[in-house]
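Data block for final01.txt (compact mmCIF, C-alpha atoms and all ligand atoms):
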```
# COMPACT_ATOMS: atom_id res chain seq x y z
CA MET A 1 111.59 5.55 99.50
CA ASP A 2 108.14 5.34 98.06
CA LEU A 3 105.67 2.59 98.80
CA VAL A 4 106.52 0.45 95.80
CA ASP A 5 110.27 0.57 96.46
CA ARG A 6 109.74 -0.39 100.07
CA LEU A 7 107.38 -3.18 99.10
CA MET A 8 109.85 -4.60 96.62
CA ALA A 9 112.65 -4.30 99.14
CA GLY A 10 110.70 -6.66 101.37
CA ASP A 11 109.02 -4.23 103.74
CA ALA A 12 105.95 -6.12 104.99
CA ARG A 13 104.24 -3.00 106.23
CA ALA A 14 104.44 -1.39 102.83
CA LEU A 15 103.03 -4.57 101.33
CA ALA A 16 100.15 -4.59 103.81
CA ARG A 17 99.45 -0.96 103.06
CA ALA A 18 99.40 -1.59 99.30
CA ILE A 19 96.97 -4.49 99.71
CA SER A 20 94.69 -2.28 101.80
CA MET A 21 94.76 0.30 99.05
CA ILE A 22 93.61 -2.34 96.58
CA GLU A 23 90.93 -3.62 98.90
CA GLU A 24 89.60 -0.16 99.49
CA ASP A 25 89.96 0.66 95.81
CA VAL A 26 91.52 4.02 96.60
CA ALA A 27 93.08 6.33 94.09
CA GLY A 28 96.71 5.38 93.67
CA ALA A 29 96.13 1.64 93.95
CA VAL A 30 96.25 1.30 90.18
CA ASP A 31 99.54 3.20 90.04
CA VAL A 32 101.06 0.78 92.53
CA LEU A 33 99.92 -2.18 90.44
CA ARG A 34 101.17 -0.64 87.27
CA GLU A 35 104.58 -0.15 88.82
CA VAL A 36 104.96 -3.64 90.27
CA PHE A 37 103.55 -5.47 87.28
CA PRO A 38 106.82 -5.86 85.35
CA ARG A 39 108.23 -7.55 88.44
CA THR A 40 105.51 -10.19 88.65
CA GLY A 41 105.05 -13.65 87.17
CA ARG A 42 108.03 -15.18 88.94
CA SER A 43 106.42 -16.92 91.88
CA MET A 44 104.59 -20.20 91.91
CA VAL A 45 100.99 -19.47 92.76
CA LEU A 46 99.30 -22.26 94.63
CA GLY A 47 95.51 -22.35 94.99
CA VAL A 48 93.97 -24.25 97.89
CA THR A 49 90.23 -24.55 97.75
CA GLY A 50 87.59 -26.73 99.38
CA ALA A 51 84.47 -26.78 101.51
CA PRO A 52 84.25 -24.74 104.72
CA GLY A 53 86.11 -26.51 107.52
CA ALA A 54 87.89 -28.99 105.23
CA GLY A 55 91.17 -28.07 106.87
CA LYS A 56 92.54 -25.69 104.25
CA SER A 57 94.07 -23.29 106.75
CA SER A 58 95.51 -26.13 108.82
CA LEU A 59 97.04 -27.52 105.67
CA VAL A 60 98.38 -24.15 104.58
CA ASP A 61 99.88 -23.74 108.04
CA ARG A 62 101.77 -27.00 107.54
CA LEU A 63 102.78 -25.98 104.02
CA ILE A 64 104.24 -22.80 105.44
CA ALA A 65 106.38 -24.84 107.83
CA HIS A 66 107.62 -27.05 104.99
CA TYR A 67 108.48 -24.18 102.67
CA ARG A 68 110.14 -22.30 105.53
CA ALA A 69 112.25 -25.37 106.26
CA ARG A 70 113.51 -24.98 102.68
CA ASP A 71 114.16 -21.35 103.39
CA GLN A 72 111.52 -20.07 100.98
CA LYS A 73 109.64 -16.89 101.64
CA ILE A 74 105.93 -17.70 101.55
CA GLY A 75 102.87 -15.50 101.18
CA VAL A 76 99.26 -16.45 101.86
CA VAL A 77 96.11 -14.70 100.71
CA ALA A 78 93.00 -16.16 102.35
CA VAL A 79 89.86 -15.21 100.46
CA ASP A 80 86.37 -15.87 101.72
CA PRO A 81 83.77 -14.99 99.10
CA SER A 82 80.98 -15.91 101.51
CA SER A 83 82.01 -13.11 103.82
CA ALA A 84 80.85 -10.74 101.11
CA TYR A 85 77.32 -11.66 102.09
CA SER A 86 77.71 -11.47 105.84
CA GLY A 87 80.10 -8.55 105.74
CA GLY A 88 82.30 -10.42 108.20
CA ALA A 89 86.01 -11.07 107.98
CA ILE A 90 88.05 -14.18 108.42
CA LEU A 91 89.14 -14.51 111.99
CA GLY A 92 90.15 -18.14 112.23
CA ASP A 93 93.09 -17.94 109.86
CA ARG A 94 95.09 -15.59 112.00
CA VAL A 95 94.69 -17.98 114.88
CA ARG A 96 95.29 -21.08 112.78
CA MET A 97 98.53 -19.75 111.37
CA GLN A 98 99.64 -17.80 114.42
CA GLU A 99 102.77 -19.84 114.81
CA HIS A 100 104.15 -18.08 111.75
CA ALA A 101 102.83 -14.64 112.58
CA THR A 102 106.18 -13.39 113.82
CA ASP A 103 108.25 -14.83 110.99
CA PRO A 104 109.22 -11.97 108.66
CA GLN A 105 109.54 -14.41 105.76
CA VAL A 106 105.86 -15.31 106.06
CA PHE A 107 103.11 -12.95 105.03
CA ILE A 108 99.47 -13.86 105.71
CA ARG A 109 96.57 -11.76 104.68
CA SER A 110 92.82 -12.37 104.80
CA MET A 111 90.65 -10.60 102.29
CA ALA A 112 86.96 -9.93 102.31
CA THR A 113 84.95 -7.40 100.40
CA ARG A 114 82.36 -4.84 101.08
CA GLY A 115 81.50 -4.62 97.43
CA HIS A 116 80.73 -7.21 94.82
CA LEU A 117 82.40 -10.56 94.29
CA GLY A 118 84.01 -9.59 91.04
CA GLY A 119 85.81 -6.93 93.02
CA LEU A 120 87.09 -9.48 95.49
CA CYS A 121 88.35 -11.66 92.69
CA ARG A 122 90.20 -8.74 91.16
CA ALA A 123 91.59 -7.66 94.54
CA ALA A 124 92.84 -11.20 95.20
CA ASN A 125 94.59 -11.31 91.83
CA ASP A 126 96.16 -7.95 92.53
CA ALA A 127 97.28 -9.02 96.00
CA VAL A 128 98.96 -12.07 94.48
CA ASP A 129 100.84 -9.76 92.13
CA LEU A 130 102.02 -7.64 95.04
CA LEU A 131 103.26 -10.67 96.99
CA ASP A 132 104.94 -11.97 93.86
CA ALA A 133 106.70 -8.64 93.31
CA ALA A 134 107.72 -8.58 96.97
CA GLY A 135 109.54 -11.88 96.46
CA TYR A 136 107.20 -14.31 98.18
CA ASP A 137 107.49 -17.67 96.47
CA PRO A 138 105.24 -19.58 96.66
CA VAL A 139 102.15 -17.46 97.00
CA VAL A 140 99.20 -19.43 98.33
CA ILE A 141 95.58 -18.42 97.74
CA GLU A 142 93.15 -20.10 100.10
CA THR A 143 89.50 -19.87 99.06
CA VAL A 144 86.41 -21.34 100.63
CA GLY A 145 84.47 -23.49 98.20
CA VAL A 146 81.07 -21.89 98.14
CA GLY A 147 80.34 -21.60 94.47
CA GLN A 148 81.47 -20.22 91.20
CA ASP A 149 83.48 -17.48 92.83
CA GLU A 150 86.17 -19.66 94.33
CA ILE A 151 86.64 -21.26 90.96
CA GLU A 152 87.33 -17.83 89.54
CA VAL A 153 89.82 -17.08 92.30
CA ALA A 154 91.51 -20.47 91.94
CA ARG A 155 92.01 -19.78 88.24
CA ALA A 156 94.67 -17.30 89.28
CA ALA A 157 96.83 -20.19 90.47
CA ASP A 158 99.49 -22.23 88.68
CA VAL A 159 98.73 -25.29 90.77
CA VAL A 160 95.28 -25.89 92.24
CA GLY A 161 94.74 -28.25 95.16
CA VAL A 162 91.15 -29.16 95.98
CA VAL A 163 90.73 -30.26 99.59
CA LEU A 164 88.11 -32.90 100.35
CA VAL A 165 87.13 -34.60 103.58
CA PRO A 166 85.98 -38.22 104.02
CA GLY A 167 82.67 -39.21 105.53
CA MET A 168 80.55 -36.56 103.96
CA GLY A 169 78.49 -39.08 102.01
CA ASP A 170 77.39 -37.41 98.85
CA ASP A 171 80.42 -35.17 98.79
CA ILE A 172 81.39 -36.39 95.35
CA GLN A 173 78.10 -35.35 93.85
CA ALA A 174 78.61 -31.95 95.37
CA ILE A 175 81.83 -31.41 93.46
CA LYS A 176 81.00 -28.97 90.80
CA ALA A 177 82.09 -29.52 87.23
CA GLY A 178 84.19 -26.39 87.36
CA ILE A 179 86.19 -27.75 90.27
CA LEU A 180 86.98 -30.88 88.32
CA GLU A 181 88.35 -28.82 85.51
CA ILE A 182 90.62 -26.70 87.64
CA ALA A 183 91.89 -29.36 90.09
CA ASP A 184 95.50 -30.41 89.61
CA LEU A 185 95.67 -32.31 92.88
CA PHE A 186 92.92 -33.71 95.04
CA ILE A 187 93.86 -33.66 98.69
CA ILE A 188 91.89 -35.93 100.97
CA ASN A 189 92.53 -34.20 104.27
CA LYS A 190 91.38 -35.57 107.63
CA ALA A 191 92.47 -38.94 106.28
CA ASP A 192 92.48 -40.01 109.93
CA LEU A 193 88.69 -40.09 109.79
CA ALA A 194 86.71 -43.06 108.52
CA GLY A 195 85.81 -43.15 104.85
CA ALA A 196 89.06 -41.97 103.24
CA ASP A 197 89.33 -45.16 101.17
CA ARG A 198 85.82 -44.84 99.89
CA LEU A 199 86.28 -41.19 99.03
CA ALA A 200 89.49 -42.02 97.15
CA ALA A 201 87.71 -44.79 95.24
CA ASP A 202 84.74 -42.56 94.40
CA LEU A 203 87.09 -39.88 93.23
CA GLU A 204 89.03 -42.34 91.06
CA GLY A 205 85.78 -43.43 89.49
CA MET A 206 84.73 -39.90 88.80
CA LEU A 207 88.09 -39.02 87.26
CA SER A 208 87.92 -42.05 84.97
CA LEU A 209 84.56 -40.87 83.71
CA ALA A 210 85.85 -37.36 83.30
CA ASP A 211 88.85 -38.58 81.31
CA ASN A 212 86.47 -39.50 78.56
CA SER A 213 84.29 -36.45 78.67
CA ILE A 214 86.46 -33.41 79.28
CA ALA A 215 88.10 -32.25 76.10
CA GLY A 216 90.79 -29.62 76.38
CA ALA A 217 93.26 -27.93 74.08
CA LEU A 218 96.05 -29.88 75.73
CA PRO A 219 96.17 -33.52 76.79
CA ARG A 220 94.46 -33.57 80.12
CA HIS A 221 96.59 -34.26 83.14
CA ARG A 222 94.77 -36.67 85.43
CA PRO A 223 94.75 -35.06 88.86
CA GLU A 224 96.55 -37.05 91.52
CA ILE A 225 94.84 -38.01 94.74
CA LEU A 226 96.79 -37.47 97.93
CA ARG A 227 95.95 -38.00 101.57
CA THR A 228 96.88 -35.76 104.45
CA VAL A 229 96.26 -35.34 108.13
CA ALA A 230 97.07 -31.66 108.46
CA VAL A 231 96.85 -31.58 112.23
CA ARG A 232 99.51 -34.29 112.47
CA ASP A 233 101.61 -33.09 109.56
CA GLU A 234 101.06 -36.40 107.80
CA GLY A 235 101.32 -36.52 104.04
CA VAL A 236 102.33 -32.89 103.83
CA ALA A 237 105.95 -33.49 102.82
CA GLU A 238 104.65 -35.65 99.99
CA LEU A 239 102.14 -32.99 99.05
CA VAL A 240 104.93 -30.42 98.75
CA GLU A 241 106.85 -32.85 96.58
CA ARG A 242 103.84 -33.43 94.30
CA ILE A 243 103.21 -29.70 94.03
CA ASP A 244 106.84 -29.17 93.01
CA SER A 245 106.80 -31.88 90.42
CA PHE A 246 103.46 -30.78 89.01
CA PHE A 247 104.76 -27.24 88.70
CA GLU A 248 107.93 -28.39 86.99
CA THR A 249 106.19 -30.61 84.48
CA SER A 250 103.19 -28.47 83.63
CA GLY A 251 104.88 -25.68 81.71
CA ALA A 252 102.57 -25.77 78.69
CA ARG A 253 99.45 -25.97 80.78
CA ARG A 254 100.73 -23.18 82.98
CA ALA A 255 101.36 -20.95 80.00
CA GLU A 256 97.85 -21.64 78.77
CA ARG A 257 96.43 -20.88 82.19
CA ARG A 258 98.36 -17.65 82.45
CA ARG A 259 96.93 -16.58 79.12
CA GLU A 260 93.42 -17.41 80.30
CA ARG A 261 94.08 -15.47 83.44
CA ALA A 262 95.41 -12.51 81.48
CA GLU A 263 92.29 -12.53 79.37
CA SER A 264 89.86 -12.77 82.24
CA ARG A 265 91.64 -10.03 84.18
CA PHE A 266 91.66 -7.79 81.14
CA LEU A 267 88.00 -8.41 80.38
CA SER A 268 86.84 -7.99 83.95
CA ILE A 269 88.67 -4.69 84.37
CA LEU A 270 87.40 -3.56 81.00
CA SER A 271 83.80 -4.38 81.80
CA GLU A 272 84.06 -2.84 85.24
CA ARG A 273 85.42 0.35 83.72
CA LEU A 274 82.88 0.45 80.92
CA VAL A 275 79.97 -0.11 83.24
CA GLY A 276 81.35 2.56 85.53
CA ARG A 277 81.63 5.03 82.66
CA ALA A 278 78.18 4.15 81.40
CA ARG A 279 76.61 4.78 84.77
CA GLU A 280 78.49 8.01 85.18
CA LYS A 281 77.77 9.37 81.74
CA ALA A 282 74.44 7.98 80.69
CA LEU A 283 72.80 6.96 83.93
CA PRO A 284 73.01 9.39 86.81
CA SER A 285 71.75 7.70 89.98
CA THR A 286 68.14 8.79 89.47
CA GLY A 287 68.20 7.58 85.88
CA TYR A 288 69.68 4.29 87.02
CA ARG A 289 66.96 3.66 89.57
CA LYS A 290 64.29 4.73 87.12
CA THR A 291 65.59 2.32 84.52
CA ILE A 292 65.59 -0.57 87.00
CA GLU A 293 62.03 0.32 87.99
CA GLU A 294 60.91 0.39 84.37
CA ILE A 295 62.36 -3.03 83.73
CA ALA A 296 60.96 -4.45 86.96
CA GLU A 297 57.52 -3.17 86.03
CA ARG A 298 58.01 -4.50 82.52
CA ARG A 299 57.48 -1.16 80.91
CA THR A 300 60.87 -1.44 79.21
CA ASP A 301 62.69 -4.61 78.31
CA PRO A 302 66.31 -4.90 79.47
CA TYR A 303 67.68 -5.00 75.91
CA THR A 304 66.07 -1.72 74.97
CA ALA A 305 67.28 -0.17 78.21
CA VAL A 306 70.87 -1.18 77.48
CA GLU A 307 70.54 -0.07 73.86
CA ARG A 308 69.48 3.36 75.12
CA VAL A 309 72.61 3.65 77.25
CA VAL A 310 74.86 2.46 74.45
CA ARG A 311 73.37 5.02 72.08
CA LYS A 312 73.73 7.76 74.65
CA LEU A 313 77.43 6.90 74.95
CA GLY A 314 77.74 7.17 71.19
CA MET A 315 78.86 3.56 70.99
CA SER A 316 76.26 2.07 68.70
N1 LIG A 401 90.76 -34.92 112.42
C1 LIG A 401 91.31 -33.94 111.68
N2 LIG A 401 90.96 -32.67 111.88
C2 LIG A 401 91.53 -31.70 111.12
C3 LIG A 401 92.50 -32.01 110.15
N3 LIG A 401 92.88 -30.86 109.55
C4 LIG A 401 92.17 -29.87 110.11
N4 LIG A 401 91.35 -30.36 111.08
C5 LIG A 401 90.40 -29.62 111.92
O1 LIG A 401 89.34 -29.15 111.11
C6 LIG A 401 88.87 -27.88 111.59
C7 LIG A 401 88.83 -26.87 110.46
O2 LIG A 401 90.15 -26.60 110.05
P1 LIG A 401 90.54 -25.31 109.20
O3 LIG A 401 91.98 -25.49 108.88
O4 LIG A 401 90.13 -24.08 109.86
O5 LIG A 401 89.65 -25.52 107.92
P2 LIG A 401 89.40 -24.50 106.72
O6 LIG A 401 89.10 -25.35 105.55
O7 LIG A 401 90.50 -23.53 106.61
O8 LIG A 401 88.09 -23.76 107.21
P3 LIG A 401 87.45 -22.42 106.60
O9 LIG A 401 88.55 -21.49 106.24
O10 LIG A 401 86.59 -21.93 107.70
O11 LIG A 401 86.65 -22.88 105.42
C8 LIG A 401 89.82 -27.48 112.72
O12 LIG A 401 89.18 -27.80 113.94
C9 LIG A 401 91.03 -28.35 112.49
O13 LIG A 401 91.72 -28.62 113.69
C10 LIG A 401 92.89 -33.38 109.98
O14 LIG A 401 93.72 -33.75 109.15
N5 LIG A 401 92.25 -34.30 110.77
MG MG A 402 90.47 -21.38 106.51
```
Can you present the structure in this file as structure tokens?
Amino acid sequence: MDLVDRLMAGDARALARAISMIEEDVAGAVDVLREVFPRTGRSMVLGVTGAPGAGKSSLVDRLIAHYRARDQKIGVVAVDPSSAYSGGAILGDRVRMQEHATDPQVFIRSMATRGHLGGLCRAANDAVDLLDAAGYDPVVIETVGVGQDEIEVARAADVVGVVLVPGMGDDIQAIKAGILEIADLFIINKADLAGADRLAADLEGMLSLADNSIAGALPRHRPEILRTVAVRDEGVAELVERIDSFFETSGARRAERRRERAESRFLSILSERLVGRAREKALPSTGYRKTIEEIAERRTDPYTAVERVVRKLGMS
């Protein structure tokens, strides 16, 4: 059997191998994706994002237990965009979710990148497709909230849970506008710590303001606020219930999101390819460095430099 057949038959090693191929961007990775693609779009994709240390992995660990109790096969992709800068990988997650490491119905994978963030975003989307094709449902994407990147990754999800922690003072101010737009559920984790009530109240206030200012194509669903204590499994059963009901009732929004996702995937692959071709064809590495130098020294403006490349490609 070839890799794709094995993957779709539920062989976890084949799945792991395929994800590595995507991560390493090796030849053949695209063929794998092309082949699995018609078998994707069936799983519920759940995004879990929040600040470093908010308890995302602990929460996901509990979610795994709940979905397993319902006999669902669950896949987790943990993405850490910040590790792109340090070049490190995510070590904690393996440990945090170790309890499930031997369960063949649970697949956990951490992803980091050696290249650029756009690449990580694409790889994460592709990994979700592979897990979906392999029959994992739900597929969870855990991303660390460090900036715009996790918002991009979370966009790949059907349901997005934003994890917050009480007692961080100006936490609310730190919530970026983009997060507000993508959040379907706010999860106040570590609700055992002081300040959960205040955080909930602040959040309510912020959502009321946002109700009046965010205009969307569809009537805006007001995100619910839930409380959990992941380490004690408190509030997690309710969270699973809210996720289910959100998924069931958000068909129109989900369809819209899937279209947005299709568009952003298409455009990002297109631009990656076009830039790649441009550099290959019109800017051999010496030419590339020379161009950057010229712009840096302000001998050429960036628009003219790009125009030169476009002309050279016969595209203008
Ligand atoms: N008091 C308390 N501690 C918690 C709770 N949930 C998680 N923790 C602790 O918070 C710490 C961070 O938990 P993680 O699950 O690793 O958090 P994370 O958001 O995945 O962290 P990163 O992936 O590093 O961003 C751990 O020491 C957990 O034991 C909770 O509900 N209450
Ligand atoms: Mg984590």
Quiz item: Hey, can you check how far atom N5 of ligand LIG 401 (chain A) sits from atom CA of Ser208 of chain A?
Solution: 27.3 Å
Self-check item: Surrounding residues of segment 14-25 of chain A excluding itself and chain neighbours under 6 positions, 12 Å, all atoms listed in the file, as an NGL selection string
Solution: :A and (1-8 or 31-33 or 35-36 or 75 or 77 or 79 or 107-117 or 119-136)
Written file, previous selection with C-alpha atoms, as a PDB file, in the coordinates of the input:
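Written out: part09.pdb:
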```
ATOM      1  CA  MET A   1     111.590   5.550  99.500  1.00  0.00           C
ATOM      2  CA  ASP A   2     108.140   5.340  98.060  1.00  0.00           C
ATOM      3  CA  LEU A   3     105.670   2.590  98.800  1.00  0.00           C
ATOM      4  CA  VAL A   4     106.520   0.450  95.800  1.00  0.00           C
ATOM      5  CA  ASP A   5     110.270   0.570  96.460  1.00  0.00           C
ATOM      6  CA  ARG A   6     109.740  -0.390 100.070  1.00  0.00           C
ATOM      7  CA  LEU A   7     107.380  -3.180  99.100  1.00  0.00           C
ATOM      8  CA  MET A   8     109.850  -4.600  96.620  1.00  0.00           C
ATOM      9  CA  ASP A  31      99.540   3.200  90.040  1.00  0.00           C
ATOM     10  CA  VAL A  32     101.060   0.780  92.530  1.00  0.00           C
ATOM     11  CA  LEU A  33      99.920  -2.180  90.440  1.00  0.00           C
ATOM     12  CA  GLU A  35     104.580  -0.150  88.820  1.00  0.00           C
ATOM     13  CA  VAL A  36     104.960  -3.640  90.270  1.00  0.00           C
ATOM     14  CA  GLY A  75     102.870 -15.500 101.180  1.00  0.00           C
ATOM     15  CA  VAL A  77      96.110 -14.700 100.710  1.00  0.00           C
ATOM     16  CA  VAL A  79      89.860 -15.210 100.460  1.00  0.00           C
ATOM     17  CA  PHE A 107     103.110 -12.950 105.030  1.00  0.00           C
ATOM     18  CA  ILE A 108      99.470 -13.860 105.710  1.00  0.00           C
ATOM     19  CA  ARG A 109      96.570 -11.760 104.680  1.00  0.00           C
ATOM     20  CA  SER A 110      92.820 -12.370 104.800  1.00  0.00           C
ATOM     21  CA  MET A 111      90.650 -10.600 102.290  1.00  0.00           C
ATOM     22  CA  ALA A 112      86.960  -9.930 102.310  1.00  0.00           C
ATOM     23  CA  THR A 113      84.950  -7.400 100.400  1.00  0.00           C
ATOM     24  CA  ARG A 114      82.360  -4.840 101.080  1.00  0.00           C
ATOM     25  CA  GLY A 115      81.500  -4.620  97.430  1.00  0.00           C
ATOM     26  CA  HIS A 116      80.730  -7.210  94.820  1.00  0.00           C
ATOM     27  CA  LEU A 117      82.400 -10.560  94.290  1.00  0.00           C
ATOM     28  CA  GLY A 119      85.810  -6.930  93.020  1.00  0.00           C
ATOM     29  CA  LEU A 120      87.090  -9.480  95.490  1.00  0.00           C
ATOM     30  CA  CYS A 121      88.350 -11.660  92.690  1.00  0.00           C
ATOM     31  CA  ARG A 122      90.200  -8.740  91.160  1.00  0.00           C
ATOM     32  CA  ALA A 123      91.590  -7.660  94.540  1.00  0.00           C
ATOM     33  CA  ALA A 124      92.840 -11.200  95.200  1.00  0.00           C
ATOM     34  CA  ASN A 125      94.590 -11.310  91.830  1.00  0.00           C
ATOM     35  CA  ASP A 126      96.160  -7.950  92.530  1.00  0.00           C
ATOM     36  CA  ALA A 127      97.280  -9.020  96.000  1.00  0.00           C
ATOM     37  CA  VAL A 128      98.960 -12.070  94.480  1.00  0.00           C
ATOM     38  CA  ASP A 129     100.840  -9.760  92.130  1.00  0.00           C
ATOM     39  CA  LEU A 130     102.020  -7.640  95.040  1.00  0.00           C
ATOM     40  CA  LEU A 131     103.260 -10.670  96.990  1.00  0.00           C
ATOM     41  CA  ASP A 132     104.940 -11.970  93.860  1.00  0.00           C
ATOM     42  CA  ALA A 133     106.700  -8.640  93.310  1.00  0.00           C
ATOM     43  CA  ALA A 134     107.720  -8.580  96.970  1.00  0.00           C
ATOM     44  CA  GLY A 135     109.540 -11.880  96.460  1.00  0.00           C
ATOM     45  CA  TYR A 136     107.200 -14.310  98.180  1.00  0.00           C
TER      46      TYR A 136
END
```
Quiz item: Looking at A:Glu234, A:Asp80, A:Leu283, A:Thr249, which one is nearest to ligand MG 402 (chain A), with distances taken over only C-alpha atoms and all ligand atoms?
Solution: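 Once distances to ligand MG 402 (chain A) are computed over only C-alpha atoms and all ligand atoms, the minimum belongs to A:Asp80.
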Practice problem: Return the single residue from A:Lys281, A:Arg222, A:Lys290, A:Arg298 that is closest to Arg311 of chain A, with distances computed using all atoms listed in the file. | Solution: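 Between A:Lys281, A:Arg222, A:Lys290, A:Arg298, the residue approaching Arg311 of chain A most closely is A:Lys281.
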Quiz item: If you count all atoms listed in the file, which residues end up within 9 Å of ligand LIG 401 (chain A), as JSON, numbers by chain?
Solution: {"A": [49, 50, 51, 52, 53, 54, 55, 56, 57, 58, 59, 60, 61, 78, 79, 80, 90, 91, 92, 93, 96, 142, 143, 144, 145, 163, 165, 188, 189, 190, 191, 192, 193, 227, 228, 229, 230, 231, 232, 233, 234]}
Exercise. Could you check which of A:Ala27, A:Ile141, A:Leu270, A:Ala9 is closest to ligand MG 402 (chain A), using all atoms listed in the file?
Key: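 Closest residue, counting all atoms listed in the file: A:Ile141.
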